[in-house]
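See below for the structure under consideration.
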Amino acid sequence: MNKSIYLFICFLAFTLTLQAQSDPKATEIVNQVLQKVRSYDNIKVDFKYTLENKKENISQSTRGELQVKNELYRLKLMGATRIFDGEKLYTIVPADEEVTISDYDENDEDGISPSQMLTFFEEGYLYKWLGEKNHDGRVFQEIKLIPKNAKTEVENIILYIDKQTSNIYKLIQKLKNNTQTIVEVNDFKTDQQIPKKLFQFNKKKYSNYYINTIR
């Protein structure tokens, strides 16, 4: 092989390797976010969830609430409530008067744990620093998450992180089918007094509901 061509191939391979690595500044910021999340005893987040597909002229928004303590959580979204008590998942849908009870499966996308909800980006992504933006007197750091797995439906995810608190303010997930979901935090509280029953399912309250148990 011609030496100059060989050197060019080596240079190209080195360049591609660099492109496949996370930005050091972005990695530092992400690590700060992860460290901050893990420092809290519990977290309560009120958020706005938006689903958009401009090509299909779709735009839907709703409010949601997530409360987390260790591996326990209670999520309210789109008229349903999901509770994870450490062993079972309970999905309560008042409109259908139905409760679905299932075992937690870490390999099931619908069985995602609360820690993954808040730290899902720890693995499987490359981080790219996009800069800072000022909004309403606050400074937000922009981080782009690029999936390592090219086969995933996710094209990229943009995180907007409050520079002062190291908490995520907004997340935009773009899919390859031109759909994007936006989660924007309205209120973020930590280390609150939370009753244990918050993460427990009280079957007596749903005596008139159809109970669907999945084994």
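Naming works like this for the structure tokens: A, B, ... for the chains as they're shown, residue 1 at the start of each chain, ligands 1 onward in shown order.
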
I want to know what sits within 9 Å of Val139 (chain A), based on only C-alpha atoms, with residues of the same chain fewer than 6 positions away left out; could you give that as a PDB file with C-alpha atoms, in the first residue's frame?
```
ATOM      1  CA  GLU A 132     -25.174  28.178  27.081  1.00  0.00           C
ATOM      2  CA  LYS A 133     -28.443  30.087  26.727  1.00  0.00           C
ATOM      3  CA  ILE A 161     -29.506  22.016  32.442  1.00  0.00           C
ATOM      4  CA  ASP A 162     -29.816  24.871  34.924  1.00  0.00           C
ATOM      5  CA  LYS A 163     -26.225  26.026  35.439  1.00  0.00           C
ATOM      6  CA  GLN A 164     -26.838  27.186  39.005  1.00  0.00           C
TER       7      GLN A 164
END
```

Mind listing the strand (DSSP E) residues of region 17-188 of chain A, per DSSP on the backbone, as a PyMOL selection string? chain A and resi 43-53+58-69+72-77+80-84+88-93+98-103+125-135+138-147+154-162+168-175+180-188

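Minimum atom-to-atom distance to Phe140 (chain A), evaluated using only C-alpha atoms, belongs to A:Ile29 out of A:Ile92, A:Ile101, A:Ile29, A:Gly64.
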
Smallest atom-to-atom distance to Asn208 (chain A): which of A:Asp96, A:Lys55, A:Tyr73, A:Glu87, using only C-alpha atoms? A:Asp96

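Closest approach to Arg215 (chain A) among A:Phe188, A:Phe84, A:Phe120, A:Tyr104 is made by A:Tyr104 (distances from only C-alpha atoms).
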
Counting only C-alpha atoms, which of A:Lys128, A:Lys203, A:Lys189, A:His135 gets nearest to Ala26 (chain A)?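 Ranked by minimum distance to Ala26 (chain A), first place goes to A:Lys128.
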
So that I can check the surroundings of Gln173 (chain A), please list as a ChimeraX atom specification every protein, DNA and RNA residue that reaches within 7 Å of it, counting only C-alpha atoms and ignoring chain neighbours fewer than 2 positions away. /A:156-158,171,175,180-182

Put those residues in a file: C-alpha atoms, as a PDB file, in the first residue's frame.
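Contents of the output file part_5.pdb:
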```pdb
ATOM      1  CA  ASN A 156     -30.844  12.515  19.523  1.00  0.00           C
ATOM      2  CA  ILE A 157     -31.832  14.069  22.832  1.00  0.00           C
ATOM      3  CA  ILE A 158     -31.171  17.635  23.950  1.00  0.00           C
ATOM      4  CA  LEU A 171     -35.547  17.529  27.629  1.00  0.00           C
ATOM      5  CA  LEU A 175     -37.107  10.319  16.851  1.00  0.00           C
ATOM      6  CA  GLN A 180     -40.356  14.598  19.120  1.00  0.00           C
ATOM      7  CA  THR A 181     -41.311  14.611  22.786  1.00  0.00           C
ATOM      8  CA  ILE A 182     -40.616  17.548  25.080  1.00  0.00           C
TER       9      ILE A 182
END
```

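With only C-alpha atoms taken into account, the protein and nucleic acid residues at most 9 Å from Lys176 (chain A) (excluding it and anything under 6 positions from it in its own chain) are Thr152, Glu153, Val154, Glu155 and Asn156 of chain A.
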
Tyr209 (chain A) surroundings by only C-alpha atoms, 7 Å radius, close-in-sequence under 4 positions cut, as a list in words: Glu97, Glu98 and Val99 of chain A

Nearest to Gln32 (chain A), chosen from A:Glu122, A:Asp191, A:Asp136, A:Asp85, with only C-alpha atoms counted in the distances: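 Result for the nearest residue to Gln32 (chain A): A:Glu122.
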
Set the distance at 8 Å and use only C-alpha atoms: which residues neighbour Leu130 (chain A) once local chain neighbours fewer than 3 positions away are removed? I'd like the list as number ranges by chain. A: 141-144

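Of the residues in region 42-133 of chain A, those given helix (DSSP H, G or I) by DSSP on the backbone are Lys54, Lys55, Glu56, Glu109, Asp110, Gly111, Pro114, Ser115, Gln116, Met117, Leu118, Thr119, Phe120, Phe121 and Glu122 of chain A.
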